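Peer 1: What follows is work-v9.json; its format and atoms are JSON, C-alpha atoms and all ligand atoms.
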[["chain", "number", "residue", "atom", "x", "y", "z"],
["A", 986, "MET", "CA", -7.60, -17.63, 17.01],
["A", 987, "SER", "CA", -4.20, -16.00, 16.79],
["A", 988, "VAL", "CA", -4.56, -12.22, 16.65],
["A", 989, "SER", "CA", -1.34, -10.33, 15.80],
["A", 990, "PHE", "CA", -2.90, -6.95, 16.47],
["A", 991, "VAL", "CA", -6.12, -4.96, 16.48],
["A", 992, "LEU", "CA", -5.80, -1.37, 15.28],
["A", 993, "ARG", "CA", -8.70, 0.99, 15.87],
["A", 994, "ALA", "CA", -9.42, 3.73, 13.31],
["A", 995, "GLY", "CA", -8.41, 6.49, 15.71],
["A", 996, "GLU", "CA", -5.10, 4.80, 16.62],
["A", 997, "ARG", "CA", -3.74, 5.07, 13.09],
["A", 998, "GLY", "CA", -1.18, 7.65, 12.09],
["A", 999, "TYR", "CA", -2.73, 10.84, 10.83],
["A", 1000, "ALA", "CA", -1.25, 13.36, 8.43],
["A", 1001, "ARG", "CA", -2.77, 16.44, 6.87],
["A", 1002, "LEU", "CA", -0.80, 17.55, 3.83],
["A", 1003, "VAL", "CA", -1.17, 20.89, 2.11],
["A", 1004, "SER", "CA", 0.43, 22.28, -1.04],
["A", 1005, "THR", "CA", 2.42, 24.99, 0.72],
["A", 1006, "GLY", "CA", 5.54, 24.93, 2.88],
["A", 1007, "VAL", "CA", 7.64, 21.75, 3.03],
["A", 1008, "ASN", "CA", 5.28, 19.84, 0.73],
["A", 1009, "ALA", "CA", 4.96, 22.59, -1.88],
["A", 1010, "THR", "CA", 6.38, 20.46, -4.69],
["A", 1011, "TYR", "CA", 5.01, 17.09, -3.50],
["A", 1012, "VAL", "CA", 1.38, 18.08, -3.03],
["A", 1013, "ALA", "CA", -0.64, 19.35, -5.99],
["A", 1014, "GLY", "CA", -3.51, 21.79, -5.82],
["A", 1015, "HIS", "CA", -4.31, 25.33, -4.81],
["A", 1016, "PRO", "CA", -3.44, 26.45, -1.26],
["A", 1017, "ASP", "CA", -6.77, 25.25, 0.15],
["A", 1018, "GLY", "CA", -6.29, 21.72, -1.20],
["A", 1019, "VAL", "CA", -5.77, 19.08, 1.49],
["A", 1020, "ILE", "CA", -4.70, 15.45, 1.52],
["A", 1021, "THR", "CA", -5.65, 13.56, 4.65],
["A", 1022, "ARG", "CA", -3.89, 10.28, 5.28],
["A", 1023, "HIS", "CA", -4.60, 7.67, 7.94],
["A", 1024, "SER", "CA", -1.73, 5.19, 8.06],
["A", 1025, "SER", "CA", -2.08, 1.72, 9.53],
["A", 1026, "PHE", "CA", 1.72, 1.31, 9.53],
["A", 1027, "ASN", "CA", 4.68, 3.63, 10.02],
["A", 1028, "PHE", "CA", 4.99, 6.00, 7.09],
["A", 1029, "HIS", "CA", 6.89, 9.25, 6.58],
["A", 1030, "GLU", "CA", 6.45, 11.40, 9.72],
["A", 1031, "TYR", "CA", 4.39, 8.74, 11.52],
["A", 1032, "GLN", "CA", 6.93, 6.39, 13.12],
["A", 1033, "SER", "CA", 5.39, 5.42, 16.46],
["A", 1034, "GLY", "CA", 3.16, 2.61, 15.19],
["A", 1035, "LEU", "CA", 3.48, -0.79, 13.60],
["A", 1036, "ALA", "CA", 6.28, -1.39, 11.08],
["A", 1037, "GLY", "CA", 4.21, -3.59, 8.77],
["A", 1038, "PHE", "CA", 2.71, -7.05, 8.47],
["A", 1039, "GLY", "CA", 4.22, -9.74, 6.26],
["A", 1040, "SER", "CA", 5.22, -7.99, 3.03],
["A", 1041, "ILE", "CA", 2.85, -5.05, 3.69],
["A", 1042, "ARG", "CA", 4.65, -1.80, 4.57],
["A", 1043, "VAL", "CA", 2.09, 0.89, 3.82],
["A", 1044, "PHE", "CA", -1.68, 0.92, 4.19],
["A", 1045, "GLY", "CA", -2.94, 4.45, 3.75],
["A", 1046, "ASP", "CA", -6.55, 5.56, 3.81],
["A", 1047, "GLU", "CA", -6.47, 8.91, 2.00],
["A", 1048, "VAL", "CA", -8.77, 11.69, 0.84],
["A", 1049, "PHE", "CA", -7.84, 14.31, -1.79],
["A", 1050, "SER", "CA", -10.01, 17.39, -1.33],
["A", 1051, "PRO", "CA", -11.15, 19.26, -3.38],
["A", 1052, "GLY", "CA", -10.54, 18.85, -7.12],
["A", 1053, "GLY", "CA", -6.98, 19.75, -8.12],
["A", 1054, "THR", "CA", -5.47, 18.06, -5.07],
["A", 1055, "GLY", "CA", -3.15, 15.08, -5.11],
["A", 1056, "TYR", "CA", 0.50, 14.12, -5.46],
["A", 1057, "ASN", "CA", 2.65, 15.65, -8.16],
["A", 1058, "MET", "CA", 4.96, 13.44, -10.20],
["A", 1059, "HIS", "CA", 7.45, 11.77, -7.81],
["A", 1060, "PRO", "CA", 9.80, 8.78, -8.04],
["A", 1061, "HIS", "CA", 9.60, 5.24, -6.71],
["A", 1062, "HIS", "CA", 11.57, 2.03, -6.89],
["A", 1063, "ASN", "CA", 10.81, -1.57, -5.96],
["A", 1064, "PHE", "CA", 7.56, -1.20, -4.05],
["A", 1065, "ILE", "CA", 4.44, -2.66, -5.57],
["A", 1066, "ILE", "CA", 1.92, 0.13, -5.07],
["A", 1067, "CYS", "CA", -1.74, -0.85, -5.19],
["A", 1068, "ALA", "CA", -4.51, 1.74, -5.16],
["A", 1069, "PHE", "CA", -8.21, 1.10, -4.57],
["A", 1070, "VAL", "CA", -10.50, 4.00, -5.43],
["A", 1071, "LEU", "CA", -13.44, 4.11, -3.02],
["A", 1072, "GLY", "CA", -15.05, 7.40, -4.00],
["A", 1073, "GLY", "CA", -14.68, 10.23, -6.47],
["A", 1074, "ALA", "CA", -12.21, 9.90, -9.31],
["A", 1075, "LEU", "CA", -8.44, 9.49, -9.53],
["A", 1076, "THR", "CA", -6.25, 10.47, -12.43],
["A", 1077, "HIS", "CA", -3.08, 8.40, -12.42],
["A", 1078, "VAL", "CA", -0.13, 9.32, -14.65],
["A", 1079, "ASN", "CA", 3.05, 7.24, -14.71],
["A", 1080, "THR", "CA", 6.37, 7.11, -16.53],
["A", 1081, "ILE", "CA", 5.54, 3.75, -18.09],
["A", 1082, "GLY", "CA", 3.40, 5.92, -20.34],
["A", 1083, "LYS", "CA", 0.01, 5.28, -18.79],
["A", 1084, "VAL", "CA", -2.54, 8.02, -18.18],
["A", 1085, "ASP", "CA", -5.50, 6.47, -16.45],
["A", 1086, "GLU", "CA", -8.75, 7.67, -14.93],
["A", 1087, "LEU", "CA", -10.11, 5.50, -12.11],
["A", 1088, "ARG", "CA", -13.49, 5.72, -10.40],
["A", 1089, "ALA", "CA", -15.04, 4.04, -7.37],
["A", 1090, "GLY", "CA", -14.45, 0.30, -7.70],
["A", 1091, "ASP", "CA", -11.42, 0.68, -9.97],
["A", 1092, "TYR", "CA", -7.99, -0.31, -8.72],
["A", 1093, "TYR", "CA", -4.45, -0.61, -10.00],
["A", 1094, "VAL", "CA", -1.19, -2.44, -9.33],
["A", 1095, "PHE", "CA", 1.84, -0.25, -10.12],
["A", 1096, "SER", "CA", 5.12, -2.08, -9.66],
["A", 1097, "ALA", "CA", 7.84, 0.59, -9.54],
["A", 1098, "GLY", "CA", 10.65, -1.95, -9.96],
["A", 1099, "ALA", "CA", 13.81, -0.48, -11.51],
["A", 1100, "GLY", "CA", 12.27, 2.99, -11.31],
["A", 1101, "GLY", "CA", 9.08, 4.79, -12.15],
["A", 1102, "LYS", "CA", 7.36, 8.04, -11.31],
["A", 1103, "HIS", "CA", 3.69, 8.66, -10.82],
["A", 1104, "ALA", "CA", 1.25, 11.46, -10.17],
["A", 1105, "GLU", "CA", -2.07, 10.91, -8.38],
["A", 1106, "LEU", "CA", -4.64, 13.64, -8.85],
["A", 1107, "ASN", "CA", -8.24, 14.40, -8.11],
["A", 1108, "ILE", "CA", -9.37, 16.39, -11.11],
["A", 1109, "GLY", "CA", -13.07, 15.81, -10.42],
["A", 1110, "GLN", "CA", -15.69, 17.72, -8.45],
["A", 1111, "GLU", "CA", -16.06, 15.36, -5.48],
["A", 1112, "ASP", "CA", -13.45, 14.35, -2.94],
["A", 1113, "THR", "CA", -11.41, 11.30, -3.92],
["A", 1114, "ARG", "CA", -11.04, 8.53, -1.35],
["A", 1115, "ILE", "CA", -8.35, 5.94, -1.97],
["A", 1116, "ILE", "CA", -6.65, 3.11, -0.13],
["A", 1117, "TYR", "CA", -2.94, 2.82, -0.93],
["A", 1118, "LEU", "CA", -1.28, -0.51, -0.21],
["A", 1119, "TRP", "CA", 2.50, -0.85, -0.62],
["A", 1120, "VAL", "CA", 4.02, -4.30, -0.75],
["A", 1121, "LEU", "CA", 7.67, -5.36, -0.76],
["A", 1122, "PRO", "CA", 8.51, -7.10, -4.06],
["A", 1123, "SER", "CA", 9.86, -10.64, -4.36],
["A", 1124, "GLN", "CA", 12.62, -9.32, -6.64],
["A", 1125, "LEU", "CA", 14.39, -5.96, -6.70],
["A", 1126, "LEU", "CA", 14.64, -3.66, -9.73],
["A", 1127, "ALA", "CA", 12.21, -5.60, -11.91],
["A", 1128, "PRO", "CA", 10.89, -3.91, -15.08],
["A", 1129, "PRO", "CA", 8.15, -1.51, -13.96],
["A", 1130, "SER", "CA", 4.57, -2.44, -14.77],
["A", 1131, "TYR", "CA", 1.02, -1.12, -14.44],
["A", 1132, "LEU", "CA", -2.22, -3.08, -14.46],
["A", 1133, "ARG", "CA", -5.71, -1.98, -13.62],
["A", 1134, "GLY", "CA", -8.88, -3.80, -12.65],
["A", 1135, "ARG", "CA", -12.45, -3.14, -11.69],
["A", 1136, "PHE", "CA", -14.47, -4.42, -8.76],
["A", 1137, "ASP", "CA", -18.17, -4.74, -9.52],
["A", 1138, "ALA", "CA", -19.91, -4.51, -6.14],
["A", 1139, "LYS", "CA", -23.34, -5.61, -7.46],
["A", 1140, "ALA", "CA", -22.07, -8.71, -9.24],
["A", 1141, "ASN", "CA", -19.97, -9.65, -6.20],
["A", 1142, "ALA", "CA", -22.41, -8.88, -3.38],
["A", 1143, "ASN", "CA", -22.02, -11.00, -0.22],
["A", 1144, "ARG", "CA", -19.08, -12.99, -1.57],
["A", 1145, "PHE", "CA", -15.31, -12.78, -1.49],
["A", 1146, "ALA", "CA", -14.01, -11.23, -4.70],
["A", 1147, "CYS", "CA", -10.28, -11.68, -5.34],
["A", 1148, "LEU", "CA", -8.95, -8.39, -6.75],
["A", 1149, "ILE", "CA", -5.22, -9.15, -6.77],
["A", 1150, "GLY", "CA", -3.47, -12.51, -6.70],
["A", 1151, "ASN", "CA", -3.15, -15.76, -8.50],
["A", 1152, "GLU", "CA", -6.84, -16.32, -9.29],
["A", 1153, "PRO", "CA", -8.94, -16.05, -12.44],
["A", 1154, "GLY", "CA", -10.11, -12.48, -13.01],
["A", 1155, "ALA", "CA", -7.67, -11.01, -10.48],
["A", 1156, "LEU", "CA", -4.64, -8.86, -11.30],
["A", 1157, "PRO", "CA", -1.39, -10.81, -10.95],
["A", 1158, "ILE", "CA", 1.29, -9.49, -8.59],
["A", 1159, "GLY", "CA", 4.98, -10.35, -8.23],
["A", 1160, "GLN", "CA", 4.61, -11.37, -4.61],
["A", 1161, "THR", "CA", 2.91, -14.01, -2.46],
["A", 1162, "LEU", "CA", -0.08, -11.80, -1.82],
["A", 1163, "LYS", "CA", -3.80, -11.80, -2.30],
["A", 1164, "VAL", "CA", -6.26, -8.92, -1.91],
["A", 1165, "THR", "CA", -9.92, -9.78, -1.47],
["A", 1166, "ARG", "CA", -12.92, -7.50, -1.08],
["A", 1167, "LEU", "CA", -16.25, -8.26, 0.53],
["A", 1168, "VAL", "CA", -19.23, -5.94, 0.13],
["A", 1169, "THR", "CA", -22.46, -7.04, 1.79],
["A", 1170, "GLY", "CA", -26.05, -6.18, 0.92],
["A", 1171, "ARG", "CA", -27.41, -8.19, 3.84],
["A", 1172, "ASN", "CA", -26.06, -9.63, 7.08],
["A", 1173, "SER", "CA", -23.62, -12.30, 5.94],
["A", 1174, "THR", "CA", -21.26, -14.76, 7.60],
["A", 1175, "PRO", "CA", -18.87, -15.96, 4.92],
["A", 1176, "VAL", "CA", -15.78, -18.00, 5.78],
["A", 1177, "TYR", "CA", -12.43, -16.92, 4.35],
["A", 1178, "ARG", "CA", -9.86, -19.68, 3.93],
["A", 1179, "PRO", "CA", -6.26, -18.47, 3.73],
["A", 1180, "SER", "CA", -3.51, -20.65, 2.31],
["A", 1181, "PRO", "CA", -1.33, -22.38, 4.92],
["A", 1182, "ALA", "CA", 1.25, -20.27, 6.75],
["A", 1183, "ARG", "CA", -0.15, -16.93, 5.63],
["A", 1184, "GLY", "CA", -1.27, -13.94, 7.61],
["A", 1185, "VAL", "CA", -4.40, -11.92, 6.92],
["A", 1186, "TYR", "CA", -4.82, -8.19, 7.45],
["A", 1187, "ALA", "CA", -8.52, -7.28, 7.57],
["A", 1188, "PHE", "CA", -9.56, -3.64, 7.16],
["A", 1189, "VAL", "CA", -13.14, -2.36, 7.41],
["A", 1190, "VAL", "CA", -13.68, 0.34, 4.78],
["A", 1191, "GLU", "CA", -17.28, 0.93, 5.89],
["A", 1192, "GLY", "CA", -19.76, -0.80, 8.14],
["A", 1193, "GLU", "CA", -19.19, -3.38, 10.84],
["A", 1194, "ALA", "CA", -17.74, -6.87, 10.94],
["A", 1195, "ARG", "CA", -17.02, -9.32, 13.74],
["A", 1196, "ILE", "CA", -14.11, -11.73, 13.58],
["A", 1197, "GLY", "CA", -14.00, -14.08, 16.54],
["A", 1198, "ASP", "CA", -15.03, -11.89, 19.47],
["A", 1199, "ILE", "CA", -13.60, -8.70, 17.98],
["A", 1200, "ILE", "CA", -16.00, -6.18, 16.50],
["A", 1201, "LEU", "CA", -14.51, -3.90, 13.87],
["A", 1202, "GLY", "CA", -16.12, -0.64, 12.76],
["A", 1203, "SER", "CA", -15.26, 1.69, 9.88],
["A", 1204, "GLY", "CA", -11.51, 2.25, 9.70],
["A", 1205, "ASP", "CA", -10.73, -0.50, 12.24],
["A", 1206, "SER", "CA", -8.46, -3.36, 11.27],
["A", 1207, "MET", "CA", -6.81, -6.48, 12.63],
["A", 1208, "ALA", "CA", -4.23, -9.06, 11.63],
["A", 1209, "LEU", "CA", -4.50, -12.81, 12.07],
["A", 1210, "THR", "CA", -1.99, -15.61, 11.70],
["A", 1211, "GLY", "CA", -2.16, -19.39, 11.84],
["A", 1212, "GLU", "CA", -5.77, -19.66, 10.69],
["A", 1213, "ASP", "CA", -7.16, -22.00, 8.06],
["A", 1214, "ARG", "CA", -10.66, -20.54, 8.34],
["A", 1215, "ILE", "CA", -11.76, -17.05, 9.31],
["A", 1216, "GLU", "CA", -15.47, -16.58, 9.83],
["A", 1217, "ILE", "CA", -16.51, -13.00, 9.23],
["A", 1218, "ALA", "CA", -19.89, -11.86, 10.52],
["A", 1219, "ALA", "CA", -20.53, -8.76, 8.44],
["A", 1220, "ARG", "CA", -23.54, -6.50, 8.84],
["A", 1221, "SER", "CA", -25.47, -5.38, 5.78],
["A", 1222, "GLY", "CA", -23.66, -2.54, 4.05],
["A", 1223, "THR", "CA", -20.17, -3.58, 5.11],
["A", 1224, "ASP", "CA", -17.17, -3.10, 2.82],
["A", 1225, "LEU", "CA", -14.11, -5.09, 3.88],
["A", 1226, "LEU", "CA", -10.62, -5.55, 2.42],
["A", 1227, "LEU", "CA", -8.55, -8.61, 3.23],
["A", 1228, "VAL", "CA", -4.84, -8.69, 2.45],
["A", 1229, "GLU", "CA", -3.31, -12.15, 2.67],
["A", 1230, "THR", "CA", 0.47, -12.17, 2.87],
["A", 1231, "ALA", "CA", 3.36, -14.54, 3.42],
["A", 1232, "LEU", "CA", 4.85, -14.01, 6.87],
["B", 1239, "MET", "CA", 27.03, -7.44, 1.64],
["B", 1240, "LYS", "CA", 23.54, -6.31, 2.51],
["B", 1241, "LYS", "CA", 20.76, -4.36, 0.81],
["B", 1242, "TYR", "CA", 18.56, -1.66, 2.32],
["B", 1243, "LEU", "CA", 15.25, -0.30, 1.09],
["B", 1244, "CYS", "CA", 13.88, 3.20, 1.66],
["B", 1245, "LEU", "CA", 10.46, 2.86, 3.26],
["B", 1246, "GLY", "CA", 9.46, 6.28, 1.96],
["B", 1247, "CYS", "CA", 9.84, 5.51, -1.74],
["B", 1248, "GLY", "CA", 11.49, 2.11, -2.35],
["B", 1249, "PHE", "CA", 14.95, 3.37, -3.33],
["B", 1250, "SER", "CA", 17.45, 0.55, -2.70],
["B", 1251, "TYR", "CA", 21.02, 0.71, -1.41],
["B", 1252, "ASP", "CA", 23.31, -2.24, -2.01],
["B", 1253, "GLU", "CA", 26.57, -2.31, -0.05],
["B", 1254, "ALA", "CA", 28.26, -4.18, -2.90],
["B", 1255, "ARG", "CA", 27.24, -1.62, -5.50],
["B", 1256, "GLY", "CA", 27.48, 1.56, -3.45],
["B", 1257, "LEU", "CA", 26.12, 4.70, -5.07],
["B", 1258, "PRO", "CA", 28.99, 6.09, -7.16],
["B", 1259, "GLU", "CA", 26.69, 8.74, -8.67],
["B", 1260, "HIS", "CA", 26.08, 10.01, -5.13],
["B", 1261, "GLY", "CA", 29.70, 9.73, -3.97],
["B", 1262, "ILE", "CA", 29.44, 6.37, -2.17],
["B", 1263, "THR", "CA", 31.98, 3.88, -3.48],
["B", 1264, "PRO", "CA", 31.07, 0.22, -4.08],
["B", 1265, "GLY", "CA", 31.69, -1.92, -1.01],
["B", 1266, "THR", "CA", 30.74, 0.78, 1.48],
["B", 1267, "PRO", "CA", 29.03, -0.85, 4.50],
["B", 1268, "TRP", "CA", 25.72, 0.66, 5.58],
["B", 1269, "ALA", "CA", 27.26, 1.41, 8.99],
["B", 1270, "ASP", "CA", 29.85, 3.65, 7.32],
["B", 1271, "ILE", "CA", 27.24, 5.91, 5.74],
["B", 1272, "PRO", "CA", 26.75, 9.03, 7.91],
["B", 1273, "ASP", "CA", 23.67, 9.12, 10.13],
["B", 1274, "ASP", "CA", 22.57, 12.39, 8.52],
["B", 1275, "TRP", "CA", 22.54, 10.84, 5.05],
["B", 1276, "ILE", "CA", 19.11, 10.93, 3.42],
["B", 1277, "CYS", "CA", 17.45, 9.05, 0.57],
["B", 1278, "PRO", "CA", 18.55, 10.79, -2.65],
["B", 1279, "ASP", "CA", 15.07, 10.37, -4.14],
["B", 1280, "CYS", "CA", 12.70, 11.31, -1.31],
["B", 1281, "GLY", "CA", 14.69, 12.69, 1.62],
["B", 1282, "THR", "CA", 13.79, 9.91, 4.06],
["B", 1283, "PRO", "CA", 16.43, 9.70, 6.83],
["B", 1284, "LYS", "CA", 18.83, 6.75, 6.99],
["B", 1285, "SER", "CA", 16.83, 5.40, 9.95],
["B", 1286, "GLY", "CA", 13.85, 5.02, 7.59],
["B", 1287, "PHE", "CA", 15.55, 2.25, 5.59],
["B", 1288, "GLU", "CA", 14.97, -1.46, 6.17],
["B", 1289, "MET", "CA", 17.50, -4.22, 5.57],
["B", 1290, "VAL", "CA", 16.02, -6.63, 3.02],
["B", 1291, "GLU", "CA", 17.06, -10.04, 1.74],
["B", 1292, "ILE", "CA", 15.40, -9.83, -1.66],
["B", 1293, "PRO", "CA", 17.19, -11.04, -4.80],
["B", 1294, "TYR", "CA", 17.51, -8.93, -7.91],
["B", 1295, "TRP", "CA", 15.11, -9.50, -10.75],
["B", 1296, "SER", "CA", 16.28, -11.88, -13.42],
["B", 1297, "ARG", "CA", 14.58, -12.78, -16.66],
["B", 1298, "THR", "CA", 14.33, -16.50, -15.82],
["C", 1, "ZN", "ZN", 13.32, 7.29, -0.54]]
So that I can check it, write out the structure of this file as structure tokens.
Peer 2:
Amino acid sequence: MSVSFVLRAGERGYARLVSTGVNATYVAGHPDGVITRHSSFNFHEYQSGLAGFGSIRVFGDEVFSPGGTGYNMHPHHNFIICAFVLGGALTHVNTIGKVDELRAGDYYVFSAGAGGKHAELNIGQEDTRIIYLWVLPSQLLAPPSYLRGRFDAKANANRFACLIGNEPGALPIGQTLKVTRLVTGRNSTPVYRPSPARGVYAFVVEGEARIGDIILGSGDSMALTGEDRIEIAARSGTDLLLVETAL
Amino acid sequence: MKKYLCLGCGFSYDEARGLPEHGITPGTPWADIPDDWICPDCGTPKSGFEMVEIPYWSRT
């Protein structure tokens, strides 16, 4: 097995953003509102880690706490920004004209392309937990687009569900990329089969999974290359994201 | 002529196109842009850009 890296939860970049001081216009919410962000790759102030993997540049595990907290409207280009809501609710507003409310299991693909702004807000009562995945596009300055999908954990228990990529039921993306989610209700050992010459970034949202002889707990991740089969021994109650990318 | 992408927001700089609206004339090499230049959209420093070989979108 060819392991590119193993990144433990505590080794990720950590940022705590508040709505006062330097981030007063960027961060929404009253002065006690806090965004916490764990970054798997270099992002903003965190620059001492990994640069990325394949076309992945950002993988942020974030919490907006409490209601009212989030990111005010701000601009993007080019990046394909994917968000996976894991808990609470997210209100997404973008300049394509979409105002969307996403709950646990919902996800979106926002391709900023030639230019688009978005705001990301928790306007609910609970904390919002979200994974943000940013991917380099295959073409620059494309027309911006927004698509949203829903992952049904019950209907997809103990199997690989393709959320994003070129598969039926998945959201299409303008890049050689596939995002798959596995949620287990019992101990399971499914085998993931990447396409040839791809790399796979595996991130444990919750629970515990073993890949080869590496045991990953909540927030741990690893990247693999040169595999045509990846056996994943996941304990009951594990929630895992797999991002397959061209290298 | 190369292209560079801001890793903070995705803003792209193309040496061939420059950024006339920000005072950088077309044809300006990346190396000639001052080190204290920042992304006009998000403030990321010049060192936070990545050289990319990605073509522009076309309808076909
Ligand atoms: Zn920027």
Peer 1: Return as a PyMOL selection string the residues belonging to chain B that are within 9 Å of chain A, counting all atoms listed in the file.
Peer 2: chain B and resi 1243-1250+1279-1280+1282+1286+1292-1297
Peer 1: Can you tell me, as a PyMOL selection string, what residues are no more than 8 Å from Met1239 in chain B when counting only C-alpha atoms, ignoring any on the same chain fewer than 6 positions away?
Peer 2: chain B and resi 1252-1254+1265+1267
Peer 1: Using all atoms listed in the file, which residue out of A:Ala1074, A:Ala1068, A:Leu1227, A:Val1185 lies closest to Val988 in chain A?
Peer 2: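 Answer, going by the shortest atom-to-atom distance: A:Val1185.
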Peer 1: In Å, how far is it from CA of Pro1129 in chain A to CA of Arg1183 in chain A?
Peer 2: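 If I compute the distance from CA of Pro1129 in chain A to CA of Arg1183 in chain A, I get 26.3 Å.
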Peer 1: Taking all atoms listed in the file into account, which of A:Gly1222, A:Gly1184, A:Gly1134, A:Gly1211 comes nearest Ser1040 in chain A?
Peer 2: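 Closest residue, counting all atoms listed in the file: A:Gly1184.
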Peer 1: Report as AutoDock Vina command-line options the centre and the edge lengths, in Å to one decimal, of the axis-aligned box holding every listed atom of range 1263-1274 of chain B, padded by 5 Å on each side.
Peer 2:
--center_x 27.3 --center_y 5.2 --center_z 3.0 --size_x 19.4 --size_y 24.3 --size_z 24.2
Peer 1: Go through A:Ala1231, A:Ala1194, A:Ala1104, A:Val1168 one by one, measure the shortest atom-to-atom distance of each to Gly1090 in chain A using all atoms listed in the file, and give the residue with the smallest value.
Peer 2: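 Looking at the shortest contact to Gly1090 in chain A, the residue is A:Val1168.
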Peer 1: To one decimal place, how far is CA of Asp1270 in chain B from CA of Lys1284 in chain B in Å?
Peer 2: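 Between CA of Asp1270 in chain B and CA of Lys1284 in chain B the gap is 11.5 Å.
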